[in-house]
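The structure appears right after this line, and notes come after that.
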Amino acid sequence: MNKEQLVQDLILDEGLKTDPYEDTVGKLTIGVGRNLTDRGITKPEAMFLLTNDIEIVEAELDARLAWWRDMPDDVQRALANLAFNMGVPTLLNFRKALSALRQRDFDTAADEFLQSRWAGQVGLRARRVTELVRNA
């Protein structure tokens, strides 16, 4: 069987959509007819998506907070985790925390993050992420 032709046939028949949508019977679907409701994704597919998402977050941090690469490894991990969770635009609203990080005042930065609404929303994650900053 010519799999390349089958791929083209399926794209023609199913369409190729990069955003989730409901198919004609109400199943959450993405890509070329991937039924997320019944099939979901495999662990390797999830890890592939995660790797891509981490690369996107790193590129966004590079573009908006170029100094983040000069921070200790644990602070970089914390910033990437924060950006992954809330998005870089929201992270940029943490002006006091980011200013403290730039000054390498890690305790103040950690305290600022912990005093936020975000910390209340994510609970243990906030404590774990801010400890990376505090212990840098």
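For the structure tokens, the naming scheme is as follows: chains receive sequential letters (A, B, ...) according to their order of presentation, residues are indexed from 1 within each chain, and ligands are indexed from 1 in presentation order.
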Report task. Mind listing the strand (DSSP E) residues of chain A, per DSSP on the backbone, as a ChimeraX atom specification? Result -> /A:17-22,28-31,34-35
Quick one: residues within 12 Å of Leu65 in chain A, only C-alpha atoms, excluding same-chain residues fewer than 3 positions away - as JSON, numbers by chain? {"A": [57, 58, 59, 60, 61, 62, 68, 69, 70, 71, 76, 79, 80, 83, 88, 89, 91, 92, 95, 98, 99, 101, 102]}
- Message: When you count only C-alpha atoms, which of these residues is closest to Phe84 in chain A: A:Asp19, A:Glu45, A:Glu112, A:Asp53?
- Response: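 Answer, going by the shortest atom-to-atom distance: A:Asp53.
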Practice prompt. Could you give me, as a ChimeraX atom specification, the residues within 12 Å of range 121-128 of chain A, counting only C-alpha atoms and dropping anything in the same chain fewer than 6 positions from it?
Written response: /A:74-75,77-79,81-82,85-86,110-115,134-135
Just the helix (DSSP H, G or I) stuff from chain A, please, per backbone DSSP, written as a PDB file with C-alpha atoms, in the first residue's frame.
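Output saved as states-v3.pdb:
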```pdb
ATOM      1  CA  LYS A   3       1.076   5.105   2.699  1.00  0.00           C
ATOM      2  CA  GLU A   4       1.962   8.552   1.399  1.00  0.00           C
ATOM      3  CA  GLN A   5      -1.120   8.437  -0.810  1.00  0.00           C
ATOM      4  CA  LEU A   6      -3.215   7.162   2.095  1.00  0.00           C
ATOM      5  CA  VAL A   7      -2.041  10.126   4.164  1.00  0.00           C
ATOM      6  CA  GLN A   8      -3.118  12.492   1.401  1.00  0.00           C
ATOM      7  CA  ASP A   9      -6.466  10.693   1.058  1.00  0.00           C
ATOM      8  CA  LEU A  10      -7.129  10.938   4.789  1.00  0.00           C
ATOM      9  CA  ILE A  11      -6.180  14.619   4.918  1.00  0.00           C
ATOM     10  CA  LEU A  12      -8.561  15.225   2.016  1.00  0.00           C
ATOM     11  CA  ASP A  13     -11.383  13.254   3.648  1.00  0.00           C
ATOM     12  CA  GLU A  14     -10.861  14.117   7.324  1.00  0.00           C
ATOM     13  CA  LYS A  43       2.514   8.580  26.390  1.00  0.00           C
ATOM     14  CA  PRO A  44       5.140   8.993  23.607  1.00  0.00           C
ATOM     15  CA  GLU A  45       2.810  11.450  21.852  1.00  0.00           C
ATOM     16  CA  ALA A  46       2.334  13.358  25.117  1.00  0.00           C
ATOM     17  CA  MET A  47       6.102  13.512  25.639  1.00  0.00           C
ATOM     18  CA  PHE A  48       6.588  14.710  22.054  1.00  0.00           C
ATOM     19  CA  LEU A  49       4.075  17.501  22.647  1.00  0.00           C
ATOM     20  CA  LEU A  50       5.707  18.366  25.976  1.00  0.00           C
ATOM     21  CA  THR A  51       9.147  18.614  24.374  1.00  0.00           C
ATOM     22  CA  ASN A  52       7.743  20.949  21.710  1.00  0.00           C
ATOM     23  CA  ASP A  53       5.939  23.034  24.332  1.00  0.00           C
ATOM     24  CA  ILE A  54       9.125  23.383  26.411  1.00  0.00           C
ATOM     25  CA  GLU A  55      11.008  24.574  23.320  1.00  0.00           C
ATOM     26  CA  ILE A  56       8.269  27.152  22.671  1.00  0.00           C
ATOM     27  CA  VAL A  57       8.424  28.389  26.282  1.00  0.00           C
ATOM     28  CA  GLU A  58      12.214  28.673  26.121  1.00  0.00           C
ATOM     29  CA  ALA A  59      12.032  30.663  22.890  1.00  0.00           C
ATOM     30  CA  GLU A  60       9.391  32.972  24.392  1.00  0.00           C
ATOM     31  CA  LEU A  61      11.551  33.513  27.490  1.00  0.00           C
ATOM     32  CA  ASP A  62      14.572  34.188  25.267  1.00  0.00           C
ATOM     33  CA  ALA A  63      12.580  36.813  23.387  1.00  0.00           C
ATOM     34  CA  ARG A  64      11.024  38.538  26.417  1.00  0.00           C
ATOM     35  CA  ALA A  66      16.843  37.462  27.634  1.00  0.00           C
ATOM     36  CA  TRP A  67      18.600  37.569  31.023  1.00  0.00           C
ATOM     37  CA  TRP A  68      16.901  34.387  32.206  1.00  0.00           C
ATOM     38  CA  ARG A  69      19.666  32.276  30.630  1.00  0.00           C
ATOM     39  CA  ASP A  70      22.205  33.967  32.959  1.00  0.00           C
ATOM     40  CA  ASP A  73      19.951  26.338  36.528  1.00  0.00           C
ATOM     41  CA  ASP A  74      17.262  25.974  39.212  1.00  0.00           C
ATOM     42  CA  VAL A  75      16.018  29.527  38.574  1.00  0.00           C
ATOM     43  CA  GLN A  76      15.863  28.785  34.849  1.00  0.00           C
ATOM     44  CA  ARG A  77      13.825  25.662  35.645  1.00  0.00           C
ATOM     45  CA  ALA A  78      11.505  27.700  37.851  1.00  0.00           C
ATOM     46  CA  LEU A  79      11.004  30.391  35.211  1.00  0.00           C
ATOM     47  CA  ALA A  80      10.353  27.793  32.511  1.00  0.00           C
ATOM     48  CA  ASN A  81       7.864  26.050  34.810  1.00  0.00           C
ATOM     49  CA  LEU A  82       6.106  29.351  35.566  1.00  0.00           C
ATOM     50  CA  ALA A  83       6.000  30.298  31.877  1.00  0.00           C
ATOM     51  CA  PHE A  84       4.694  26.857  30.947  1.00  0.00           C
ATOM     52  CA  ASN A  85       1.962  27.113  33.575  1.00  0.00           C
ATOM     53  CA  MET A  86       0.767  30.693  33.121  1.00  0.00           C
ATOM     54  CA  VAL A  88       5.031  34.387  29.383  1.00  0.00           C
ATOM     55  CA  PRO A  89       2.652  37.371  29.053  1.00  0.00           C
ATOM     56  CA  THR A  90       1.202  36.631  32.495  1.00  0.00           C
ATOM     57  CA  LEU A  91       4.643  35.924  33.957  1.00  0.00           C
ATOM     58  CA  ARG A  95       7.356  42.785  37.948  1.00  0.00           C
ATOM     59  CA  LYS A  96       8.608  42.782  41.548  1.00  0.00           C
ATOM     60  CA  ALA A  97       9.551  39.109  41.459  1.00  0.00           C
ATOM     61  CA  LEU A  98      11.303  39.462  38.096  1.00  0.00           C
ATOM     62  CA  SER A  99      13.127  42.586  39.239  1.00  0.00           C
ATOM     63  CA  ALA A 100      14.322  40.750  42.343  1.00  0.00           C
ATOM     64  CA  LEU A 101      15.503  37.850  40.171  1.00  0.00           C
ATOM     65  CA  ARG A 102      17.506  40.193  37.937  1.00  0.00           C
ATOM     66  CA  PHE A 106      16.229  35.077  45.268  1.00  0.00           C
ATOM     67  CA  ASP A 107      14.475  35.221  48.657  1.00  0.00           C
ATOM     68  CA  THR A 108      12.509  38.332  47.701  1.00  0.00           C
ATOM     69  CA  ALA A 109      11.652  36.856  44.307  1.00  0.00           C
ATOM     70  CA  ALA A 110      10.388  33.652  45.920  1.00  0.00           C
ATOM     71  CA  ASP A 111       8.340  35.643  48.456  1.00  0.00           C
ATOM     72  CA  GLU A 112       6.784  37.744  45.669  1.00  0.00           C
ATOM     73  CA  PHE A 113       5.733  34.654  43.752  1.00  0.00           C
ATOM     74  CA  LEU A 114       4.306  33.062  46.909  1.00  0.00           C
ATOM     75  CA  ARG A 117      -2.981  34.705  43.379  1.00  0.00           C
ATOM     76  CA  TRP A 118      -1.097  32.141  41.245  1.00  0.00           C
ATOM     77  CA  ALA A 119       0.384  30.567  44.394  1.00  0.00           C
ATOM     78  CA  GLY A 120      -3.080  30.128  45.858  1.00  0.00           C
ATOM     79  CA  GLN A 121      -4.313  28.553  42.648  1.00  0.00           C
ATOM     80  CA  VAL A 122      -1.547  25.977  42.239  1.00  0.00           C
ATOM     81  CA  LEU A 124       2.105  22.718  46.300  1.00  0.00           C
ATOM     82  CA  ARG A 125       3.430  23.537  42.853  1.00  0.00           C
ATOM     83  CA  ALA A 126       4.037  27.120  43.968  1.00  0.00           C
ATOM     84  CA  ARG A 127       6.009  25.997  47.011  1.00  0.00           C
ATOM     85  CA  ARG A 128       8.063  23.553  44.957  1.00  0.00           C
ATOM     86  CA  VAL A 129       8.821  26.063  42.181  1.00  0.00           C
ATOM     87  CA  THR A 130       9.650  28.915  44.549  1.00  0.00           C
ATOM     88  CA  GLU A 131      12.004  26.683  46.527  1.00  0.00           C
ATOM     89  CA  LEU A 132      14.018  26.304  43.326  1.00  0.00           C
ATOM     90  CA  VAL A 133      14.339  30.101  43.293  1.00  0.00           C
ATOM     91  CA  ARG A 134      14.974  30.486  47.028  1.00  0.00           C
TER      92      ARG A 134
END
```
